>>> print(open('target.cif').read())   # mmCIF, C-alpha atoms, pLDDT in the B column; chains and numbers go by the auth columns
data_my_file
#
loop_
_atom_site.group_PDB
_atom_site.id
_atom_site.type_symbol
_atom_site.label_atom_id
_atom_site.label_comp_id
_atom_site.label_asym_id
_atom_site.label_seq_id
_atom_site.Cartn_x
_atom_site.Cartn_y
_atom_site.Cartn_z
_atom_site.B_iso_or_equiv
_atom_site.auth_seq_id
_atom_site.auth_asym_id
ATOM 1 C CA MET A 1 142.726 83.048 62.884 42.00 1 A
ATOM 2 C CA ILE A 2 144.851 81.770 65.743 39.00 2 A
ATOM 3 C CA PHE A 3 142.196 79.386 67.090 48.00 3 A
ATOM 4 C CA ILE A 4 141.600 77.647 63.775 54.00 4 A
ATOM 5 C CA GLU A 5 145.309 77.391 62.960 48.00 5 A
ATOM 6 C CA THR A 6 146.197 75.768 66.291 40.00 6 A
ATOM 7 C CA ARG A 7 143.283 73.337 66.513 49.00 7 A
ATOM 8 C CA ASP A 8 144.151 69.726 65.662 61.00 8 A
ATOM 9 C CA SER A 9 141.095 69.187 63.496 86.00 9 A
ATOM 10 C CA LEU A 10 138.003 71.211 62.851 95.00 10 A
ATOM 11 C CA LYS A 11 134.831 70.002 61.178 97.00 11 A
ATOM 12 C CA ILE A 12 132.131 72.472 60.281 98.00 12 A
ATOM 13 C CA GLY A 13 128.742 72.264 58.704 98.00 13 A
ATOM 14 C CA PHE A 14 128.323 74.594 55.744 98.00 14 A
ATOM 15 C CA ALA A 15 124.692 75.147 54.782 98.00 15 A
ATOM 16 C CA LEU A 16 123.307 76.931 51.733 98.00 16 A
ATOM 17 C CA THR A 17 119.764 78.295 51.574 97.00 17 A
ATOM 18 C CA GLY A 18 117.731 79.763 48.749 88.00 18 A
ATOM 19 C CA SER A 19 119.417 83.099 48.123 89.00 19 A
ATOM 20 C CA PHE A 20 120.590 81.701 44.789 91.00 20 A
ATOM 21 C CA CYS A 21 122.121 84.925 43.461 91.00 21 A
ATOM 22 C CA THR A 22 124.929 84.672 46.027 95.00 22 A
ATOM 23 C CA PHE A 23 125.964 81.066 45.344 95.00 23 A
ATOM 24 C CA SER A 24 128.738 82.223 43.001 95.00 24 A
ATOM 25 C CA ALA A 25 130.230 84.296 45.840 96.00 25 A
ATOM 26 C CA VAL A 26 129.817 81.495 48.395 97.00 26 A
ATOM 27 C CA LEU A 27 131.435 78.586 46.540 97.00 27 A
ATOM 28 C CA PRO A 28 134.956 80.138 46.523 98.00 28 A
ATOM 29 C CA GLN A 29 134.642 80.495 50.315 98.00 29 A
ATOM 30 C CA ILE A 30 134.051 76.768 50.626 98.00 30 A
ATOM 31 C CA GLU A 31 137.330 76.272 48.744 96.00 31 A
ATOM 32 C CA LYS A 32 139.132 78.696 51.087 96.00 32 A
ATOM 33 C CA ILE A 33 137.858 76.873 54.151 97.00 33 A
ATOM 34 C CA THR A 34 138.908 73.454 52.873 96.00 34 A
ATOM 35 C CA ALA A 35 142.289 74.917 51.841 95.00 35 A
ATOM 36 C CA ALA A 36 142.716 75.982 55.483 94.00 36 A
ATOM 37 C CA GLY A 37 142.525 72.303 56.431 95.00 37 A
ATOM 38 C CA ILE A 38 138.978 72.417 57.779 97.00 38 A
ATOM 39 C CA GLU A 39 136.647 69.556 56.915 97.00 39 A
ATOM 40 C CA ILE A 40 133.240 70.635 55.648 98.00 40 A
ATOM 41 C CA VAL A 41 129.995 68.725 56.037 98.00 41 A
ATOM 42 C CA PRO A 42 127.892 70.324 53.271 98.00 42 A
ATOM 43 C CA ILE A 43 124.195 70.935 53.873 98.00 43 A
ATOM 44 C CA MET A 44 121.567 72.404 51.570 98.00 44 A
ATOM 45 C CA SER A 45 118.022 73.454 52.270 96.00 45 A
ATOM 46 C CA GLU A 46 115.356 71.473 50.500 96.00 46 A
ATOM 47 C CA LYS A 47 114.787 74.374 48.067 94.00 47 A
ATOM 48 C CA ALA A 48 118.484 74.932 47.385 95.00 48 A
ATOM 49 C CA TYR A 49 118.995 71.214 46.790 96.00 49 A
ATOM 50 C CA SER A 50 116.143 70.820 44.309 95.00 50 A
ATOM 51 C CA THR A 51 115.666 74.157 42.515 93.00 51 A
ATOM 52 C CA ASP A 52 117.142 75.165 39.160 93.00 52 A
ATOM 53 C CA THR A 53 117.367 78.936 38.642 92.00 53 A
ATOM 54 C CA ARG A 54 118.853 81.418 36.187 93.00 54 A
ATOM 55 C CA PHE A 55 121.980 81.300 38.370 92.00 55 A
ATOM 56 C CA GLY A 56 122.551 77.575 37.702 93.00 56 A
ATOM 57 C CA THR A 57 121.067 74.148 38.167 94.00 57 A
ATOM 58 C CA SER A 58 120.893 72.393 41.501 94.00 58 A
ATOM 59 C CA ALA A 59 122.781 69.430 40.033 96.00 59 A
ATOM 60 C CA GLU A 60 125.682 71.694 39.039 96.00 60 A
ATOM 61 C CA PHE A 61 125.929 73.243 42.497 96.00 61 A
ATOM 62 C CA ILE A 62 125.634 69.900 44.281 97.00 62 A
ATOM 63 C CA SER A 63 128.362 68.401 42.094 97.00 63 A
ATOM 64 C CA LYS A 64 130.732 71.339 42.703 97.00 64 A
ATOM 65 C CA ILE A 65 130.143 71.340 46.462 98.00 65 A
ATOM 66 C CA GLU A 66 130.618 67.594 46.809 98.00 66 A
ATOM 67 C CA LYS A 67 133.805 67.731 44.735 98.00 67 A
ATOM 68 C CA MET A 68 135.235 70.606 46.815 97.00 68 A
ATOM 69 C CA THR A 69 134.392 69.066 50.187 98.00 69 A
ATOM 70 C CA GLY A 70 134.761 65.375 49.431 98.00 70 A
ATOM 71 C CA ASN A 71 131.466 64.806 51.263 98.00 71 A
ATOM 72 C CA LYS A 72 127.888 64.201 50.154 98.00 72 A
ATOM 73 C CA VAL A 73 125.456 67.081 50.607 98.00 73 A
ATOM 74 C CA LEU A 74 123.006 66.502 53.462 98.00 74 A
ATOM 75 C CA HIS A 75 119.543 67.649 52.397 98.00 75 A
ATOM 76 C CA ARG A 76 117.050 65.785 54.577 97.00 76 A
ATOM 77 C CA GLN A 77 116.061 66.492 58.157 97.00 77 A
ATOM 78 C CA THR A 78 116.847 62.912 59.139 97.00 78 A
ATOM 79 C CA GLU A 79 120.422 63.458 57.946 97.00 79 A
ATOM 80 C CA VAL A 80 121.039 66.601 60.030 97.00 80 A
ATOM 81 C CA GLU A 81 119.156 65.658 63.207 96.00 81 A
ATOM 82 C CA PRO A 82 122.155 63.697 64.592 97.00 82 A
ATOM 83 C CA ILE A 83 124.413 66.782 64.313 97.00 83 A
ATOM 84 C CA GLY A 84 123.762 67.648 67.938 95.00 84 A
ATOM 85 C CA PRO A 85 123.474 64.256 69.629 95.00 85 A
ATOM 86 C CA LYS A 86 126.490 62.820 67.788 97.00 86 A
ATOM 87 C CA LYS A 87 128.498 66.094 67.894 97.00 87 A
ATOM 88 C CA MET A 88 129.137 65.755 64.170 97.00 88 A
ATOM 89 C CA ILE A 89 130.425 69.325 63.722 98.00 89 A
ATOM 90 C CA ASP A 90 132.197 72.012 65.733 98.00 90 A
ATOM 91 C CA ALA A 91 130.322 74.948 64.164 98.00 91 A
ATOM 92 C CA LEU A 92 127.740 75.677 61.485 98.00 92 A
ATOM 93 C CA VAL A 93 128.058 78.304 58.762 98.00 93 A
ATOM 94 C CA ILE A 94 124.858 79.235 56.915 98.00 94 A
ATOM 95 C CA ALA A 95 125.837 81.049 53.732 98.00 95 A
ATOM 96 C CA PRO A 96 123.786 82.399 52.206 98.00 96 A
ATOM 97 C CA CYS A 97 121.267 82.671 55.012 98.00 97 A
ATOM 98 C CA SER A 98 117.945 83.756 53.533 97.00 98 A
ATOM 99 C CA GLY A 99 115.457 85.935 55.376 97.00 99 A
ATOM 100 C CA THR A 100 113.171 82.928 55.714 97.00 100 A
ATOM 101 C CA THR A 101 115.862 80.813 57.345 98.00 101 A
ATOM 102 C CA ALA A 102 116.844 83.677 59.668 98.00 102 A
ATOM 103 C CA ALA A 103 113.177 84.027 60.676 98.00 103 A
ATOM 104 C CA LYS A 104 112.891 80.325 61.437 98.00 104 A
ATOM 105 C CA ILE A 105 116.047 80.302 63.578 98.00 105 A
ATOM 106 C CA ALA A 106 115.035 83.513 65.382 98.00 106 A
ATOM 107 C CA ASN A 107 111.668 82.020 66.258 97.00 107 A
ATOM 108 C CA ALA A 108 112.868 78.492 67.134 96.00 108 A
ATOM 109 C CA ILE A 109 111.187 76.884 64.115 97.00 109 A
ATOM 110 C CA SER A 110 113.127 73.821 63.003 97.00 110 A
ATOM 111 C CA ASP A 111 111.029 72.462 60.166 97.00 111 A
ATOM 112 C CA THR A 112 113.690 72.597 57.432 97.00 112 A
ATOM 113 C CA THR A 113 117.041 70.920 56.991 98.00 113 A
ATOM 114 C CA VAL A 114 119.029 74.096 57.716 98.00 114 A
ATOM 115 C CA SER A 115 116.947 75.399 60.628 98.00 115 A
ATOM 116 C CA LEU A 116 117.123 71.950 62.245 98.00 116 A
ATOM 117 C CA ALA A 117 120.900 71.853 61.684 98.00 117 A
ATOM 118 C CA ALA A 118 121.128 75.235 63.459 98.00 118 A
ATOM 119 C CA LYS A 119 119.027 74.004 66.383 97.00 119 A
ATOM 120 C CA SER A 120 121.069 70.818 66.606 97.00 120 A
ATOM 121 C CA THR A 121 124.328 72.823 66.633 98.00 121 A
ATOM 122 C CA LEU A 122 123.130 75.339 69.229 97.00 122 A
ATOM 123 C CA ARG A 123 122.038 72.523 71.588 96.00 123 A
ATOM 124 C CA ASN A 124 125.744 71.799 72.086 97.00 124 A
ATOM 125 C CA SER A 125 126.562 75.502 72.614 97.00 125 A
ATOM 126 C CA TYR A 126 128.566 75.454 69.375 98.00 126 A
ATOM 127 C CA PRO A 127 128.610 78.570 67.181 98.00 127 A
ATOM 128 C CA VAL A 128 126.248 79.215 64.286 98.00 128 A
ATOM 129 C CA ILE A 129 127.536 81.761 61.774 98.00 129 A
ATOM 130 C CA LEU A 130 125.009 83.528 59.532 98.00 130 A
ATOM 131 C CA ALA A 131 125.907 85.151 56.221 98.00 131 A
ATOM 132 C CA ILE A 132 122.649 87.006 55.741 98.00 132 A
ATOM 133 C CA SER A 133 121.322 87.658 52.243 97.00 133 A
ATOM 134 C CA THR A 134 117.810 89.030 51.973 97.00 134 A
ATOM 135 C CA ASN A 135 115.959 91.718 50.027 96.00 135 A
ATOM 136 C CA ASP A 136 114.065 92.801 53.142 96.00 136 A
ATOM 137 C CA GLY A 137 116.883 92.933 55.696 96.00 137 A
ATOM 138 C CA LEU A 138 115.998 96.524 56.521 97.00 138 A
ATOM 139 C CA ALA A 139 112.256 95.849 56.421 97.00 139 A
ATOM 140 C CA GLY A 140 110.332 92.689 57.359 96.00 140 A
ATOM 141 C CA SER A 141 113.433 90.635 58.221 97.00 141 A
ATOM 142 C CA ALA A 142 114.974 93.396 60.349 98.00 142 A
ATOM 143 C CA LYS A 143 113.166 92.263 63.504 98.00 143 A
ATOM 144 C CA ASN A 144 114.483 88.711 63.095 98.00 144 A
ATOM 145 C CA ILE A 145 118.017 89.937 62.465 98.00 145 A
ATOM 146 C CA GLY A 146 117.679 92.033 65.632 98.00 146 A
ATOM 147 C CA LEU A 147 116.587 88.989 67.629 98.00 147 A
ATOM 148 C CA LEU A 148 119.480 86.957 66.294 98.00 148 A
ATOM 149 C CA LEU A 149 122.000 89.698 67.080 97.00 149 A
ATOM 150 C CA ASN A 150 120.988 89.179 70.709 97.00 150 A
ATOM 151 C CA THR A 151 120.991 85.373 70.607 97.00 151 A
ATOM 152 C CA ARG A 152 123.788 83.542 72.360 97.00 152 A
ATOM 153 C CA GLY A 153 125.833 81.401 69.997 98.00 153 A
ATOM 154 C CA ILE A 154 124.812 83.272 66.837 98.00 154 A
ATOM 155 C CA TYR A 155 127.466 85.228 64.928 98.00 155 A
ATOM 156 C CA PHE A 156 127.044 87.341 61.808 98.00 156 A
ATOM 157 C CA VAL A 157 129.314 87.619 58.819 98.00 157 A
ATOM 158 C CA PRO A 158 129.538 91.426 58.407 98.00 158 A
ATOM 159 C CA TYR A 159 126.917 92.700 55.996 98.00 159 A
ATOM 160 C CA ARG A 160 125.914 95.796 54.061 97.00 160 A
ATOM 161 C CA GLN A 161 123.268 97.196 51.768 97.00 161 A
ATOM 162 C CA ASP A 162 124.008 95.631 48.405 93.00 162 A
ATOM 163 C CA ASP A 163 122.163 98.098 46.131 93.00 163 A
ATOM 164 C CA PRO A 164 120.862 101.126 48.079 95.00 164 A
ATOM 165 C CA ASP A 165 119.440 102.857 44.994 96.00 165 A
ATOM 166 C CA LYS A 166 117.472 99.984 43.449 96.00 166 A
ATOM 167 C CA LYS A 167 116.928 97.805 46.558 96.00 167 A
ATOM 168 C CA PRO A 168 117.166 100.132 49.576 96.00 168 A
ATOM 169 C CA ARG A 169 116.061 97.469 52.096 97.00 169 A
ATOM 170 C CA SER A 170 118.278 94.664 50.806 97.00 170 A
ATOM 171 C CA VAL A 171 121.327 93.460 52.748 98.00 171 A
ATOM 172 C CA VAL A 172 124.007 90.902 51.937 98.00 172 A
ATOM 173 C CA ALA A 173 126.980 89.566 53.857 98.00 173 A
ATOM 174 C CA ASP A 174 130.514 90.081 52.620 98.00 174 A
ATOM 175 C CA MET A 175 131.155 86.445 51.765 98.00 175 A
ATOM 176 C CA ASN A 176 134.929 87.083 51.772 98.00 176 A
ATOM 177 C CA LEU A 177 134.629 87.476 55.549 98.00 177 A
ATOM 178 C CA ILE A 178 133.187 84.026 56.224 98.00 178 A
ATOM 179 C CA LEU A 179 136.504 82.466 57.300 97.00 179 A
ATOM 180 C CA PRO A 180 137.533 85.392 59.571 98.00 180 A
ATOM 181 C CA THR A 181 134.041 85.361 61.125 98.00 181 A
ATOM 182 C CA LEU A 182 134.284 81.615 61.710 98.00 182 A
ATOM 183 C CA SER A 183 137.662 82.085 63.357 97.00 183 A
ATOM 184 C CA SER A 184 136.335 84.809 65.665 98.00 184 A
ATOM 185 C CA ALA A 185 133.225 82.790 66.477 98.00 185 A
ATOM 186 C CA MET A 186 135.320 79.771 67.459 97.00 186 A
ATOM 187 C CA ALA A 187 137.021 82.074 69.960 97.00 187 A
ATOM 188 C CA GLY A 188 133.623 83.325 71.191 97.00 188 A
ATOM 189 C CA ARG A 189 133.838 86.760 69.565 98.00 189 A
ATOM 190 C CA GLN A 190 131.770 88.554 66.957 98.00 190 A
ATOM 191 C CA LEU A 191 133.908 89.869 64.101 98.00 191 A
ATOM 192 C CA GLN A 192 133.660 93.648 63.992 98.00 192 A
ATOM 193 C CA PRO A 193 132.417 95.845 62.522 98.00 193 A
ATOM 194 C CA ILE A 194 129.185 93.974 61.784 97.00 194 A
ATOM 195 C CA LEU A 195 128.090 96.651 59.315 96.00 195 A
ATOM 196 C CA CYS A 196 130.643 97.001 56.536 91.00 196 A
#
>>> encode(input="target.cif", output="structure tokens")
Amino acid sequence: MIFIETRDSLKIGFALTGSFCTFSAVLPQIEKITAAGIEIVPIMSEKAYSTDTRFGTSAEFISKIEKMTGNKVLHRQTEVEPIGPKKMIDALVIAPCSGTTAAKIANAISDTTVSLAAKSTLRNSYPVILAISTNDGLAGSAKNIGLLLNTRGIYFVPYRQDDPDKKPRSVVADMNLILPTLSSAMAGRQLQPILC
């Protein structure tokens, strides 16, 4: 993580989308990033910001994220649109990145808070790091993942099948590799191996 350690200050966007089952693995990574001295601008998709699930309430997650980062969660398109023009962040991490969000980014659809944040980040040629989490990563979402693997400025947190017996097409990123992937992406390199 030489690049991150030697940079005077780094501010990243950290966006969560609706793969709710991985929130418990993602939140400790937010703490690790802030502990490394990196400022986080938290972002949540409209669904993630407003949906209560069996994994927790949206209010609980919002409160924890805002406490960890010291910043309010951006959850409206009008709040993230200035990311590009005002150069508000140096990189964007999307963790978890749902199959729907990956599809939108792969096909240049920016009609949600997170997909617009990605577009706004890429306009400055700044890195976007995806921590994919989708039940159809080796099925319907595979084509979008393939497109994104070939998209300049997109980097993947290494991922794997999470339950080959019960969910053979499901893939999830190793959330513990978010910070190393961010470090590599800031140096213009994809962390390898992508498949872990």
>>> residues_around(input="target.cif", residues="Phe55 of chain A", least_positions_apart="3", cutoff="9 Å", atoms="only C-alpha atoms", output="number ranges by chain")
A: 20-24, 52
>>> residues_around(input="target.cif", residues="segment 59-63 of chain A", least_positions_apart="2", cutoff="10 Å", atoms="only C-alpha atoms", output="PyMOL selection string")
chain A and resi 23-24+27+42-44+48-52+55-57+65-68+72-73
>>> write_last_selection(input="target.cif", atoms="C-alpha atoms", output="CSV table (one decimal), in the frame of the given file")
chain,number,residue,atom,x,y,z
A,23,PHE,CA,126.0,81.1,45.3
A,24,SER,CA,128.7,82.2,43.0
A,27,LEU,CA,131.4,78.6,46.5
A,42,PRO,CA,127.9,70.3,53.3
A,43,ILE,CA,124.2,70.9,53.9
A,44,MET,CA,121.6,72.4,51.6
A,48,ALA,CA,118.5,74.9,47.4
A,49,TYR,CA,119.0,71.2,46.8
A,50,SER,CA,116.1,70.8,44.3
A,51,THR,CA,115.7,74.2,42.5
A,52,ASP,CA,117.1,75.2,39.2
A,55,PHE,CA,122.0,81.3,38.4
A,56,GLY,CA,122.6,77.6,37.7
A,57,THR,CA,121.1,74.1,38.2
A,65,ILE,CA,130.1,71.3,46.5
A,66,GLU,CA,130.6,67.6,46.8
A,67,LYS,CA,133.8,67.7,44.7
A,68,MET,CA,135.2,70.6,46.8
A,72,LYS,CA,127.9,64.2,50.2
A,73,VAL,CA,125.5,67.1,50.6
>>> atom_distance(input="target.cif", atom1="atom CA of Lys143 of chain A", atom2="atom CA of Thr121 of chain A")
22.6 Å
>>> closest_atom_pairs(input="target.cif", of="segment 127-171 of chain A", to="segment 179-194 of chain A", cutoff="10 Å", atoms="all atoms listed in the file", output="JSON lines")
{"residue": "A:Pro127", "atom": "CA", "partner": "A:Ala185", "partner_atom": "CA", "distance": 6.3}
{"residue": "A:Val128", "atom": "CA", "partner": "A:Ala185", "partner_atom": "CA", "distance": 8.1}
{"residue": "A:Ile129", "atom": "CA", "partner": "A:Leu182", "partner_atom": "CA", "distance": 6.7}
{"residue": "A:Leu130", "atom": "CA", "partner": "A:Thr181", "partner_atom": "CA", "distance": 9.4}
{"residue": "A:Ala131", "atom": "CA", "partner": "A:Thr181", "partner_atom": "CA", "distance": 9.5}
{"residue": "A:Leu149", "atom": "CA", "partner": "A:Gln190", "partner_atom": "CA", "distance": 9.8}
{"residue": "A:Arg152", "atom": "CA", "partner": "A:Gly188", "partner_atom": "CA", "distance": 9.9}
{"residue": "A:Gly153", "atom": "CA", "partner": "A:Gly188", "partner_atom": "CA", "distance": 8.1}
{"residue": "A:Ile154", "atom": "CA", "partner": "A:Ala185", "partner_atom": "CA", "distance": 8.4}
{"residue": "A:Tyr155", "atom": "CA", "partner": "A:Gln190", "partner_atom": "CA", "distance": 5.8}
{"residue": "A:Phe156", "atom": "CA", "partner": "A:Ile194", "partner_atom": "CA", "distance": 7.0}
{"residue": "A:Val157", "atom": "CA", "partner": "A:Thr181", "partner_atom": "CA", "distance": 5.7}
{"residue": "A:Pro158", "atom": "CA", "partner": "A:Ile194", "partner_atom": "CA", "distance": 4.2}
{"residue": "A:Tyr159", "atom": "CA", "partner": "A:Ile194", "partner_atom": "CA", "distance": 6.3}
{"residue": "A:Arg160", "atom": "CA", "partner": "A:Ile194", "partner_atom": "CA", "distance": 8.6}
>>> closest_residue(input="target.cif", among="A:Cys97, A:Gly70, A:Gln77, A:Leu116", to="Glu31 of chain A", atoms="all atoms listed in the file")
A:Gly70
>>> closest_residue(input="target.cif", among="A:Ser19, A:Thr53, A:Ser9, A:Ser98", to="Glu39 of chain A", atoms="all atoms listed in the file")
A:Ser9
>>> atom_distance(input="target.cif", atom1="atom CA of Thr112 of chain A", atom2="atom CA of Asp162 of chain A")
26.8 Å
>>> closest_residue(input="target.cif", among="A:Lys11, A:Thr78, A:Gly37, A:Asn144", to="Val114 of chain A", atoms="all atoms listed in the file")
A:Thr78
>>> residues_around(input="target.cif", residues="Pro85 of chain A", least_positions_apart="5", cutoff="10 Å", atoms="all atoms listed in the file", output="PyMOL selection string")
chain A and resi 120-121+123-124
>>> residues_around(input="target.cif", residues="Gly84 of chain A", least_positions_apart="4", cutoff="12 Å", atoms="all atoms listed in the file", output="list in words")
Gly13, Glu79, Val80, Met88, Ile89, Asp90, Ala91, Leu92, Leu116, Ala117, Ala118, Lys119, Ser120, Thr121, Leu122, Arg123, Asn124, Ser125, Tyr126 and Pro127 of chain A
>>> closest_residue(input="target.cif", among="A:Leu16, A:Ile40, A:Ala139, A:Leu10", to="Ser115 of chain A", atoms="all atoms listed in the file")
A:Leu16
>>> atom_distance(input="target.cif", atom1="atom CA of Asp136 of chain A", atom2="atom CA of Thr113 of chain A")
22.4 Å
>>> closest_residue(input="target.cif", among="A:Ser133, A:Ile38, A:Thr101, A:Ala15", to="His75 of chain A", atoms="all atoms listed in the file")
A:Ala15
>>> resolve_selection(input="target.cif", expression="the PyMOL selection byres ((chain A and resi 102) around 8)", output="compact mmCIF listing (two decimals) with C-alpha atoms, in the coordinates of the input")
# COMPACT_ATOMS: atom_id res chain seq x y z
CA CYS A 97 121.27 82.67 55.01
CA SER A 98 117.94 83.76 53.53
CA GLY A 99 115.46 85.94 55.38
CA THR A 100 113.17 82.93 55.71
CA THR A 101 115.86 80.81 57.34
CA ALA A 103 113.18 84.03 60.68
CA LYS A 104 112.89 80.32 61.44
CA ILE A 105 116.05 80.30 63.58
CA ALA A 106 115.04 83.51 65.38
CA ILE A 132 122.65 87.01 55.74
CA SER A 141 113.43 90.64 58.22
CA ASN A 144 114.48 88.71 63.10
CA ILE A 145 118.02 89.94 62.46
CA LEU A 148 119.48 86.96 66.29
>>> closest_residue(input="target.cif", among="A:Leu177, A:Leu147, A:Ile83, A:Asn135", to="Pro164 of chain A", atoms="all atoms listed in the file")
A:Asn135
>>> axis_aligned_box(input="target.cif", around="segment 18-30 of chain A", padding_each_side="5 Å", output="lines of an AutoDock Vina configuration file")
center_x = 126.3
center_y = 80.8
center_z = 46.8
size_x = 27.2
size_y = 18.2
size_z = 17.6
>>> build_atoms(input="target.cif", residues="segment 129-136 of chain A", atoms="all heavy atoms", output="PDB file, in the frame of the given file")
ATOM      1  N   ILE A 129     127.108  80.550  62.465  1.00 98.00           N
ATOM      2  CA  ILE A 129     127.536  81.761  61.774  1.00 98.00           C
ATOM      3  C   ILE A 129     126.591  82.007  60.607  1.00 98.00           C
ATOM      4  O   ILE A 129     126.416  81.131  59.746  1.00 98.00           O
ATOM      5  CB  ILE A 129     128.997  81.616  61.277  1.00 98.00           C
ATOM      6  CG1 ILE A 129     129.955  81.466  62.461  1.00 98.00           C
ATOM      7  CG2 ILE A 129     129.408  82.799  60.416  1.00 98.00           C
ATOM      8  CD1 ILE A 129     130.270  80.052  62.832  1.00 98.00           C
ATOM      9  N   LEU A 130     125.982  83.190  60.571  1.00 98.00           N
ATOM     10  CA  LEU A 130     125.009  83.528  59.532  1.00 98.00           C
ATOM     11  C   LEU A 130     125.594  84.542  58.559  1.00 98.00           C
ATOM     12  O   LEU A 130     126.049  85.611  58.971  1.00 98.00           O
ATOM     13  CB  LEU A 130     123.740  84.110  60.161  1.00 98.00           C
ATOM     14  CG  LEU A 130     123.059  83.294  61.255  1.00 98.00           C
ATOM     15  CD1 LEU A 130     121.821  84.024  61.757  1.00 98.00           C
ATOM     16  CD2 LEU A 130     122.711  81.896  60.772  1.00 98.00           C
ATOM     17  N   ALA A 131     125.539  84.213  57.281  1.00 98.00           N
ATOM     18  CA  ALA A 131     125.907  85.151  56.221  1.00 98.00           C
ATOM     19  C   ALA A 131     124.600  85.575  55.555  1.00 98.00           C
ATOM     20  O   ALA A 131     124.143  84.962  54.588  1.00 98.00           O
ATOM     21  CB  ALA A 131     126.862  84.512  55.221  1.00 98.00           C
ATOM     22  N   ILE A 132     123.996  86.593  56.127  1.00 98.00           N
ATOM     23  CA  ILE A 132     122.649  87.006  55.741  1.00 98.00           C
ATOM     24  C   ILE A 132     122.614  87.503  54.295  1.00 98.00           C
ATOM     25  O   ILE A 132     123.537  88.152  53.831  1.00 98.00           O
ATOM     26  CB  ILE A 132     122.113  88.075  56.730  1.00 98.00           C
ATOM     27  CG1 ILE A 132     120.599  88.172  56.689  1.00 98.00           C
ATOM     28  CG2 ILE A 132     122.770  89.412  56.518  1.00 98.00           C
ATOM     29  CD1 ILE A 132     119.909  87.088  57.439  1.00 98.00           C
ATOM     30  N   SER A 133     121.537  87.176  53.600  1.00 97.00           N
ATOM     31  CA  SER A 133     121.322  87.658  52.243  1.00 97.00           C
ATOM     32  C   SER A 133     119.818  87.699  52.014  1.00 97.00           C
ATOM     33  O   SER A 133     119.194  86.667  51.786  1.00 97.00           O
ATOM     34  CB  SER A 133     121.993  86.736  51.218  1.00 97.00           C
ATOM     35  OG  SER A 133     121.749  87.200  49.911  1.00 97.00           O
ATOM     36  N   THR A 134     119.259  88.909  52.110  1.00 97.00           N
ATOM     37  CA  THR A 134     117.810  89.030  51.973  1.00 97.00           C
ATOM     38  C   THR A 134     117.423  90.414  51.474  1.00 97.00           C
ATOM     39  O   THR A 134     118.013  91.420  51.873  1.00 97.00           O
ATOM     40  CB  THR A 134     117.097  88.719  53.307  1.00 97.00           C
ATOM     41  OG1 THR A 134     115.682  88.870  53.117  1.00 97.00           O
ATOM     42  CG2 THR A 134     117.555  89.618  54.433  1.00 97.00           C
ATOM     43  N   ASN A 135     116.428  90.445  50.596  1.00 96.00           N
ATOM     44  CA  ASN A 135     115.959  91.718  50.027  1.00 96.00           C
ATOM     45  C   ASN A 135     115.203  92.576  51.030  1.00 96.00           C
ATOM     46  O   ASN A 135     114.958  93.750  50.767  1.00 96.00           O
ATOM     47  CB  ASN A 135     115.068  91.457  48.804  1.00 96.00           C
ATOM     48  CG  ASN A 135     115.868  91.019  47.599  1.00 96.00           C
ATOM     49  OD1 ASN A 135     116.991  91.455  47.400  1.00 96.00           O
ATOM     50  ND2 ASN A 135     115.297  90.140  46.797  1.00 96.00           N
ATOM     51  N   ASP A 136     114.821  92.008  52.174  1.00 96.00           N
ATOM     52  CA  ASP A 136     114.065  92.801  53.142  1.00 96.00           C
ATOM     53  C   ASP A 136     114.770  92.883  54.501  1.00 96.00           C
ATOM     54  O   ASP A 136     114.145  92.976  55.534  1.00 96.00           O
ATOM     55  CB  ASP A 136     112.636  92.284  53.295  1.00 96.00           C
ATOM     56  CG  ASP A 136     112.559  90.925  53.971  1.00 96.00           C
ATOM     57  OD1 ASP A 136     113.592  90.219  54.056  1.00 96.00           O
ATOM     58  OD2 ASP A 136     111.464  90.559  54.422  1.00 96.00           O
TER      59      ASP A 136
END
